[in-house]
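Heads up: the structure comes next, in structure tokens.
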Amino acid sequence: MSVQNSAGPLQGRVAVVTGASSGIGEATAEKLAALGAHVAVLARRAERLEELAARIVKNGGRALAITADVTDRAAVRSAARRVAAELGGADLLFNNAGVMLPAPVEEQATGQWQHQIDLNVTALTHVTGAFVPQLVKAAGERGVADLVSTSSIAAQNIFPTFAVYSATKAYVTHFSRHLRTELGPKNVRVSAIEPGIVGTELQSHVTDEGARQWLAGSKETMEWLTPQDVADTVAFLATLPPRANLQQVTLMPTAQPA
Ligand code: NDP
């Protein structure tokens with residue numbers, strides 16, 4: 001059993017990670033737990049969450065698996081109540097669940113448009129709302145709390161066929177900037193992370209043939225980021241001195257031009 005987390009820099013903190021059953025969320029939950037945080041991991045796939053929680057515990061950490069569809073507002077509110085009741089409330093929210101479904105706009109992929117908006121925009125907003133009271137309370141008591149959301153380089157750069165996805169991520173970045181002005185004075189740091197391409201399950205959900213080919217080609221010509229790279233960035237943000245809020249981080253694969 002690892003003992004490194006017993007004196008880790010996040011000892012005593014409670015982190016909620018959405019989209020924790022794979023990719024960036026899974027790696028970040030493991031990283032935050034290794035640094036001492038008690039992590040609540042949320043996603044829909046219960047078995048994956050239980051495996052993750054068991055692995056964290058085996059490595060000497062503490063984890064609570066909460067199966068929840070974050071597009072279900074009642075489930076989100078219930079998850080927040082559980083975190084308050086069982087862990088004493090969150091002081092770090094990693095708002096990370098998301099989906100990327102590029103397609104040419106003329107194809108009228110209305111189901112995919114709605115799916116991205118429902119998850120990347122609406123659910124992210126409601127998850128934030130459900131946990132903000134806990135973050136503000138924790139910041140009042142301990143002097144700092146963190147609200148970190150996963151945006152994307154797509155929030156800044158312009159890609160054909162990615163209009164809806166990119167717009168949802170522009171929302172995440174802008175939402176975070178505005179919330180920082182509101183919550184910073186209450187000692188809640190607000191950050192948006194904008195990664196370039198990270199090798200995860202995200203790409204496997206893409207159905208558009210053009211985008212699939214573009215992704216396959218890019219994998220051949222450059223080394224993508226790993227979920228651990230993003231996890232390390234979240235850990236860096238959360239372990240800065242309470243006075244320091246790194247509000248926006250763009251993390252690119254070195255060889256990704258845009
Ligand atoms: P993954 O597909 O590996 O992870 C997505 C996670 O979101 C899964 O854990 C999934 O779990 C969860 N999720 C999806 N729908 C729901 C839902 N309705 N309720 C609860 N959880 C849900 O992809 P990534 O790790 O790459 O994605 C994480 C974030 O990173 C996303 O916001 C994505 O947009 C962003 N991002 C990713 C980049 C990349 O290149 N990979 C680049 C830039 C940003 P489950 O299915 O079990 O519910």
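FYI, nothing fancy with the structure tokens labels: chains A, B, ... in order, residues from 1 per chain, ligands from 1 as they appear.
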
List as a list in words the protein and nucleic acid residues near Gly8 (chain A), meaning an atom at most 12 Å away when only C-alpha atoms are counted, but skip any in the same chain fewer than 6 places from it.
Ser2, Lys31, Leu32, Ala33, Ala34, Leu35, Gly36, Ala37, His38, Gly60, Gly61, Ala235 and Thr239 of chain A

Just to be explicit: take each residue in the selection above, keep N, CA, C and O atoms, and write the result as a JSON list (two decimals), in the first residue's frame.
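Listed below is the output, selection-v7.json:
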[["chain", "number", "residue", "atom", "x", "y", "z"],
["A", 2, "SER", "N", 0.57, 2.19, -0.86],
["A", 2, "SER", "CA", 1.35, 3.43, -0.94],
["A", 2, "SER", "C", 1.05, 4.31, 0.27],
["A", 2, "SER", "O", -0.07, 4.38, 0.74],
["A", 31, "LYS", "N", -4.67, 10.90, -9.86],
["A", 31, "LYS", "CA", -3.62, 11.84, -9.49],
["A", 31, "LYS", "C", -3.99, 12.59, -8.21],
["A", 31, "LYS", "O", -3.17, 12.72, -7.29],
["A", 32, "LEU", "N", -5.21, 13.10, -8.16],
["A", 32, "LEU", "CA", -5.62, 13.88, -6.98],
["A", 32, "LEU", "C", -5.64, 12.99, -5.74],
["A", 32, "LEU", "O", -5.23, 13.43, -4.65],
["A", 33, "ALA", "N", -6.06, 11.73, -5.91],
["A", 33, "ALA", "CA", -6.05, 10.80, -4.78],
["A", 33, "ALA", "C", -4.62, 10.51, -4.34],
["A", 33, "ALA", "O", -4.33, 10.43, -3.14],
["A", 34, "ALA", "N", -3.72, 10.37, -5.30],
["A", 34, "ALA", "CA", -2.31, 10.10, -4.96],
["A", 34, "ALA", "C", -1.69, 11.26, -4.18],
["A", 34, "ALA", "O", -0.76, 11.08, -3.42],
["A", 35, "LEU", "N", -2.25, 12.47, -4.40],
["A", 35, "LEU", "CA", -1.74, 13.65, -3.68],
["A", 35, "LEU", "C", -2.48, 13.86, -2.35],
["A", 35, "LEU", "O", -2.25, 14.85, -1.67],
["A", 36, "GLY", "N", -3.40, 12.94, -2.02],
["A", 36, "GLY", "CA", -4.02, 12.99, -0.70],
["A", 36, "GLY", "C", -5.48, 13.36, -0.66],
["A", 36, "GLY", "O", -6.11, 13.28, 0.40],
["A", 37, "ALA", "N", -6.06, 13.78, -1.79],
["A", 37, "ALA", "CA", -7.48, 14.17, -1.77],
["A", 37, "ALA", "C", -8.38, 12.94, -1.64],
["A", 37, "ALA", "O", -8.05, 11.86, -2.13],
["A", 38, "HIS", "N", -9.51, 13.12, -0.97],
["A", 38, "HIS", "CA", -10.58, 12.11, -1.00],
["A", 38, "HIS", "C", -11.39, 12.41, -2.25],
["A", 38, "HIS", "O", -11.94, 13.51, -2.37],
["A", 60, "GLY", "N", -3.66, 3.18, -1.59],
["A", 60, "GLY", "CA", -3.55, 3.95, -0.36],
["A", 60, "GLY", "C", -4.39, 5.21, -0.32],
["A", 60, "GLY", "O", -4.29, 5.99, 0.62],
["A", 61, "GLY", "N", -5.24, 5.41, -1.35],
["A", 61, "GLY", "CA", -6.07, 6.62, -1.39],
["A", 61, "GLY", "C", -7.49, 6.37, -0.92],
["A", 61, "GLY", "O", -7.83, 5.28, -0.44],
["A", 235, "ALA", "N", -3.50, 18.95, -11.11],
["A", 235, "ALA", "CA", -2.81, 18.86, -9.81],
["A", 235, "ALA", "C", -1.96, 20.11, -9.57],
["A", 235, "ALA", "O", -1.92, 20.63, -8.45],
["A", 239, "THR", "N", -2.46, 22.77, -6.41],
["A", 239, "THR", "CA", -1.43, 22.81, -5.37],
["A", 239, "THR", "C", -0.68, 24.15, -5.35],
["A", 239, "THR", "O", 0.28, 24.31, -4.61]]

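The residue set within 9 Å of Thr173 (chain A), counting only C-alpha atoms and dropping same-chain residues fewer than 2 places from it, reads Ser149, Thr150, Ser151, Ser152, Ala155, Lys169, Ala170, Tyr171, Phe175, Ser176, Arg177, His178, Ser191, Ala192, Ile193, Glu194 and Gln248 of chain A.
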
May I have the residues from that selection written out with C-alpha atoms, as a PDB file, in the first residue's frame?
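Contents of out-v1.pdb, freshly written:
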ATOM      1  CA  SER A 149     -13.452  22.833 -16.008  1.00  0.00           C
ATOM      2  CA  THR A 150     -12.255  21.030 -19.102  1.00  0.00           C
ATOM      3  CA  SER A 151     -12.601  23.284 -22.110  1.00  0.00           C
ATOM      4  CA  SER A 152     -10.556  22.658 -25.287  1.00  0.00           C
ATOM      5  CA  ALA A 155     -12.645  27.127 -27.728  1.00  0.00           C
ATOM      6  CA  LYS A 169     -16.125  24.691 -25.360  1.00  0.00           C
ATOM      7  CA  ALA A 170     -16.063  28.458 -25.944  1.00  0.00           C
ATOM      8  CA  TYR A 171     -18.962  28.493 -23.495  1.00  0.00           C
ATOM      9  CA  PHE A 175     -18.337  30.771 -18.286  1.00  0.00           C
ATOM     10  CA  SER A 176     -15.193  30.105 -16.253  1.00  0.00           C
ATOM     11  CA  ARG A 177     -13.788  33.594 -16.836  1.00  0.00           C
ATOM     12  CA  HIS A 178     -16.987  35.192 -15.664  1.00  0.00           C
ATOM     13  CA  SER A 191      -9.818  27.697 -14.038  1.00  0.00           C
ATOM     14  CA  ALA A 192     -10.427  26.438 -17.561  1.00  0.00           C
ATOM     15  CA  ILE A 193      -8.080  23.903 -19.101  1.00  0.00           C
ATOM     16  CA  GLU A 194      -7.926  23.916 -22.900  1.00  0.00           C
ATOM     17  CA  GLN A 248      -6.694  29.486 -18.137  1.00  0.00           C
TER      18      GLN A 248
END

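Nearest to Phe159 (chain A) of all the residues A:Ala238, A:Gly199, A:Asp146, A:Pro102 is A:Pro102, counting only C-alpha atoms.
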
Between chain A and ligand 1, at 6 Å or less, what are the per-residue closest atom pairs and their distances in Å? Count only C-alpha atoms and all ligand atoms, order by chain and rising residue number, and return it as JSON lines.
{"residue": "A:Gly19", "atom": "CA", "partner": "ligand 1", "partner_atom_place_in_ligand_line": "9 (O)", "distance": 3.3}
{"residue": "A:Ala20", "atom": "CA", "partner": "ligand 1", "partner_atom_place_in_ligand_line": "9 (O)", "distance": 4.4}
{"residue": "A:Ser21", "atom": "CA", "partner": "ligand 1", "partner_atom_place_in_ligand_line": "9 (O)", "distance": 3.8}
{"residue": "A:Ser22", "atom": "CA", "partner": "ligand 1", "partner_atom_place_in_ligand_line": "3 (O)", "distance": 4.3}
{"residue": "A:Gly23", "atom": "CA", "partner": "ligand 1", "partner_atom_place_in_ligand_line": "25 (O)", "distance": 3.5}
{"residue": "A:Ile24", "atom": "CA", "partner": "ligand 1", "partner_atom_place_in_ligand_line": "25 (O)", "distance": 3.8}
{"residue": "A:Gly25", "atom": "CA", "partner": "ligand 1", "partner_atom_place_in_ligand_line": "25 (O)", "distance": 5.7}
{"residue": "A:Ala43", "atom": "CA", "partner": "ligand 1", "partner_atom_place_in_ligand_line": "21 (N)", "distance": 3.8}
{"residue": "A:Arg44", "atom": "CA", "partner": "ligand 1", "partner_atom_place_in_ligand_line": "48 (O)", "distance": 3.5}
{"residue": "A:Arg45", "atom": "CA", "partner": "ligand 1", "partner_atom_place_in_ligand_line": "47 (O)", "distance": 3.7}
{"residue": "A:Ala68", "atom": "CA", "partner": "ligand 1", "partner_atom_place_in_ligand_line": "20 (C)", "distance": 5.8}
{"residue": "A:Asp69", "atom": "CA", "partner": "ligand 1", "partner_atom_place_in_ligand_line": "19 (N)", "distance": 3.5}
{"residue": "A:Val70", "atom": "CA", "partner": "ligand 1", "partner_atom_place_in_ligand_line": "19 (N)", "distance": 4.0}
{"residue": "A:Thr71", "atom": "CA", "partner": "ligand 1", "partner_atom_place_in_ligand_line": "18 (N)", "distance": 5.2}
{"residue": "A:Asn96", "atom": "CA", "partner": "ligand 1", "partner_atom_place_in_ligand_line": "32 (O)", "distance": 4.8}
{"residue": "A:Ala97", "atom": "CA", "partner": "ligand 1", "partner_atom_place_in_ligand_line": "7 (O)", "distance": 3.6}
{"residue": "A:Gly98", "atom": "CA", "partner": "ligand 1", "partner_atom_place_in_ligand_line": "32 (O)", "distance": 3.3}
{"residue": "A:Val99", "atom": "CA", "partner": "ligand 1", "partner_atom_place_in_ligand_line": "34 (O)", "distance": 5.1}
{"residue": "A:Met100", "atom": "CA", "partner": "ligand 1", "partner_atom_place_in_ligand_line": "34 (O)", "distance": 5.7}
{"residue": "A:Thr150", "atom": "CA", "partner": "ligand 1", "partner_atom_place_in_ligand_line": "32 (O)", "distance": 5.3}
{"residue": "A:Ser151", "atom": "CA", "partner": "ligand 1", "partner_atom_place_in_ligand_line": "44 (C)", "distance": 5.5}
{"residue": "A:Ser152", "atom": "CA", "partner": "ligand 1", "partner_atom_place_in_ligand_line": "43 (C)", "distance": 4.0}
{"residue": "A:Pro195", "atom": "CA", "partner": "ligand 1", "partner_atom_place_in_ligand_line": "43 (C)", "distance": 4.4}
{"residue": "A:Gly196", "atom": "CA", "partner": "ligand 1", "partner_atom_place_in_ligand_line": "42 (C)", "distance": 4.9}
{"residue": "A:Ile197", "atom": "CA", "partner": "ligand 1", "partner_atom_place_in_ligand_line": "40 (O)", "distance": 3.4}
{"residue": "A:Val198", "atom": "CA", "partner": "ligand 1", "partner_atom_place_in_ligand_line": "40 (O)", "distance": 3.7}
{"residue": "A:Gly199", "atom": "CA", "partner": "ligand 1", "partner_atom_place_in_ligand_line": "41 (N)", "distance": 5.5}
{"residue": "A:Thr200", "atom": "CA", "partner": "ligand 1", "partner_atom_place_in_ligand_line": "3 (O)", "distance": 4.5}
{"residue": "A:Glu201", "atom": "CA", "partner": "ligand 1", "partner_atom_place_in_ligand_line": "3 (O)", "distance": 3.9}
{"residue": "A:Leu202", "atom": "CA", "partner": "ligand 1", "partner_atom_place_in_ligand_line": "2 (O)", "distance": 3.7}

How would the residues just picked look written out with N, CA, C and O atoms as a short mmCIF file (atom, residue, chain, number, x, y, z; two decimals), in the first residue's frame?
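Just written: again06.cif:
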data_model
loop_
_atom_site.label_atom_id
_atom_site.label_comp_id
_atom_site.auth_asym_id
_atom_site.auth_seq_id
_atom_site.Cartn_x
_atom_site.Cartn_y
_atom_site.Cartn_z
N GLY A 19 -16.97 12.63 -15.31
CA GLY A 19 -16.33 11.97 -16.46
C GLY A 19 -15.13 11.17 -16.00
O GLY A 19 -14.10 11.11 -16.68
N ALA A 20 -15.28 10.52 -14.84
CA ALA A 20 -14.13 9.83 -14.22
C ALA A 20 -13.99 8.38 -14.64
O ALA A 20 -13.05 7.71 -14.21
N SER A 21 -14.90 7.88 -15.49
CA SER A 21 -14.81 6.45 -15.83
C SER A 21 -13.81 6.18 -16.95
O SER A 21 -13.54 5.02 -17.25
N SER A 22 -13.24 7.23 -17.55
CA SER A 22 -12.22 7.00 -18.60
C SER A 22 -11.42 8.28 -18.81
O SER A 22 -11.75 9.34 -18.27
N GLY A 23 -10.37 8.14 -19.60
CA GLY A 23 -9.63 9.28 -20.11
C GLY A 23 -9.12 10.26 -19.05
O GLY A 23 -8.54 9.88 -18.03
N ILE A 24 -9.35 11.54 -19.34
CA ILE A 24 -8.80 12.63 -18.52
C ILE A 24 -9.35 12.57 -17.08
O ILE A 24 -8.60 12.76 -16.11
N GLY A 25 -10.64 12.31 -16.94
CA GLY A 25 -11.23 12.28 -15.60
C GLY A 25 -10.66 11.16 -14.76
O GLY A 25 -10.34 11.34 -13.57
N ALA A 43 -19.73 9.24 -13.13
CA ALA A 43 -19.94 8.93 -14.54
C ALA A 43 -21.13 7.97 -14.59
O ALA A 43 -21.73 7.68 -13.55
N ARG A 44 -21.46 7.50 -15.79
CA ARG A 44 -22.60 6.58 -15.91
C ARG A 44 -22.19 5.12 -15.74
O ARG A 44 -22.96 4.30 -15.26
N ARG A 45 -20.97 4.76 -16.15
CA ARG A 45 -20.58 3.34 -16.12
C ARG A 45 -20.10 2.93 -14.72
O ARG A 45 -18.96 3.14 -14.34
N ALA A 68 -23.81 8.42 -11.93
CA ALA A 68 -24.79 9.48 -12.22
C ALA A 68 -24.64 9.93 -13.66
O ALA A 68 -23.54 10.05 -14.19
N ASP A 69 -25.80 10.17 -14.29
CA ASP A 69 -25.83 10.81 -15.60
C ASP A 69 -25.92 12.31 -15.32
O ASP A 69 -26.92 12.78 -14.76
N VAL A 70 -24.88 13.06 -15.68
CA VAL A 70 -24.87 14.48 -15.30
C VAL A 70 -25.87 15.33 -16.08
O VAL A 70 -26.08 16.49 -15.75
N THR A 71 -26.49 14.76 -17.11
CA THR A 71 -27.55 15.50 -17.79
C THR A 71 -28.89 15.38 -17.05
O THR A 71 -29.87 16.01 -17.42
N ASN A 96 -15.64 17.88 -15.92
CA ASN A 96 -14.86 17.35 -17.04
C ASN A 96 -15.65 16.49 -18.03
O ASN A 96 -15.22 16.33 -19.17
N ALA A 97 -16.80 15.95 -17.63
CA ALA A 97 -17.55 15.08 -18.56
C ALA A 97 -17.86 15.85 -19.83
O ALA A 97 -18.27 17.01 -19.79
N GLY A 98 -17.65 15.22 -20.98
CA GLY A 98 -17.94 15.89 -22.24
C GLY A 98 -17.87 14.93 -23.41
O GLY A 98 -17.39 13.80 -23.28
N VAL A 99 -18.38 15.40 -24.54
CA VAL A 99 -18.38 14.57 -25.75
C VAL A 99 -18.10 15.47 -26.96
O VAL A 99 -18.46 16.63 -26.98
N MET A 100 -17.39 14.88 -27.96
CA MET A 100 -17.02 15.63 -29.18
C MET A 100 -17.54 14.87 -30.39
O MET A 100 -17.14 13.74 -30.65
N THR A 150 -12.98 21.41 -17.90
CA THR A 150 -12.25 21.03 -19.10
C THR A 150 -12.90 21.68 -20.31
O THR A 150 -14.01 21.32 -20.72
N SER A 151 -12.21 22.68 -20.85
CA SER A 151 -12.60 23.28 -22.11
C SER A 151 -11.81 22.56 -23.21
O SER A 151 -11.62 21.35 -23.14
N SER A 152 -11.32 23.28 -24.19
CA SER A 152 -10.56 22.66 -25.29
C SER A 152 -9.88 23.76 -26.09
O SER A 152 -10.35 24.91 -26.10
N PRO A 195 -7.13 21.69 -23.51
CA PRO A 195 -6.15 20.79 -24.13
C PRO A 195 -6.31 20.72 -25.64
O PRO A 195 -7.41 20.87 -26.18
N GLY A 196 -5.18 20.46 -26.31
CA GLY A 196 -5.22 19.98 -27.69
C GLY A 196 -5.56 18.50 -27.65
O GLY A 196 -6.18 18.02 -26.68
N ILE A 197 -5.15 17.75 -28.65
CA ILE A 197 -5.61 16.35 -28.72
C ILE A 197 -4.97 15.48 -27.63
O ILE A 197 -3.75 15.47 -27.46
N VAL A 198 -5.84 14.77 -26.91
CA VAL A 198 -5.43 13.84 -25.86
C VAL A 198 -5.95 12.46 -26.26
O VAL A 198 -7.12 12.33 -26.62
N GLY A 199 -5.14 11.46 -26.20
CA GLY A 199 -5.58 10.10 -26.58
C GLY A 199 -6.49 9.52 -25.50
O GLY A 199 -6.04 9.16 -24.41
N THR A 200 -7.79 9.46 -25.78
CA THR A 200 -8.78 8.93 -24.82
C THR A 200 -9.88 8.22 -25.62
O THR A 200 -9.76 8.06 -26.84
N GLU A 201 -10.99 7.91 -24.95
CA GLU A 201 -12.13 7.33 -25.67
C GLU A 201 -12.89 8.37 -26.50
O GLU A 201 -13.76 8.02 -27.29
N LEU A 202 -12.56 9.65 -26.27
CA LEU A 202 -13.30 10.74 -26.95
C LEU A 202 -13.36 10.52 -28.46
O LEU A 202 -14.41 10.66 -29.09
#

Could you please write out, as a ChimeraX atom specification, every residue of region 76-153 of chain A that DSSP assigns to alpha helix (DSSP H)?
/A:76-87,110-116,124-142

Length of the CA of Ala63 (chain A) to CA of Ala40 (chain A) vector [Å]
5.7 Å

Write out as an NGL selection string which residues come within 12 Å of Phe236 (chain A) when counting only C-alpha atoms, dropping same-chain ones fewer than 4 positions away.
:A and (9-10 or 28 or 31-32 or 35 or 146 or 148 or 191 or 193 or 229-232 or 240-241 or 244-246 or 249)

Per-residue nearest contacts region 136-169 of chain A to region 209-222 of chain A, cut-off 12 Å, using only C-alpha atoms, as a tab-separated table:
residue	atom	partner	partner_atom	distance
A:Phe159	CA	A:Ala211	CA	10.4
A:Pro160	CA	A:Ala211	CA	9.4
A:Thr161	CA	A:Ala211	CA	7.8
A:Phe162	CA	A:Ala211	CA	8.9

Write to file, as a short mmCIF file (atom, residue, chain, number, x, y, z; two decimals), in the first residue's frame, the residues of the selection just made, with N, CA, C and O atoms.
data_model
loop_
_atom_site.label_atom_id
_atom_site.label_comp_id
_atom_site.auth_asym_id
_atom_site.auth_seq_id
_atom_site.Cartn_x
_atom_site.Cartn_y
_atom_site.Cartn_z
N PHE A 159 -12.00 25.26 -36.56
CA PHE A 159 -11.88 24.01 -37.31
C PHE A 159 -13.18 23.75 -38.08
O PHE A 159 -14.25 23.77 -37.47
N PRO A 160 -13.11 23.47 -39.39
CA PRO A 160 -14.33 23.11 -40.10
C PRO A 160 -14.93 21.82 -39.52
O PRO A 160 -14.18 20.95 -39.07
N THR A 161 -16.21 21.73 -39.49
CA THR A 161 -17.05 20.62 -39.01
C THR A 161 -17.12 20.51 -37.48
O THR A 161 -17.86 19.69 -36.95
N PHE A 162 -16.34 21.34 -36.76
CA PHE A 162 -16.35 21.28 -35.30
C PHE A 162 -17.15 22.44 -34.68
O PHE A 162 -16.97 22.77 -33.51
#

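Scanning region 3-118 of chain A with DSSP on the backbone, the strand (DSSP E) assignments fall on Val14, Ala15, Val16, Val17, Thr18, His38, Val39, Ala40, Val41, Leu42, Ala43, Arg62, Ala63, Leu64, Ala65, Ile66, Thr67, Leu92, Leu93, Phe94 and Asn95 of chain A.
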
I'd like the neighbourhood of Ala65 (chain A) as a VMD selection string, where a residue qualifies if any of its atoms comes within 12 Å (using only C-alpha atoms), though same-chain residues fewer than 4 positions away should be ignored.
chain A and resid 15 to 21 26 29 38 to 57 79 82 to 83 86 to 87

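The space between CA of Asp118 (chain A) and CA of Lys137 (chain A) spans 28.0 Å.
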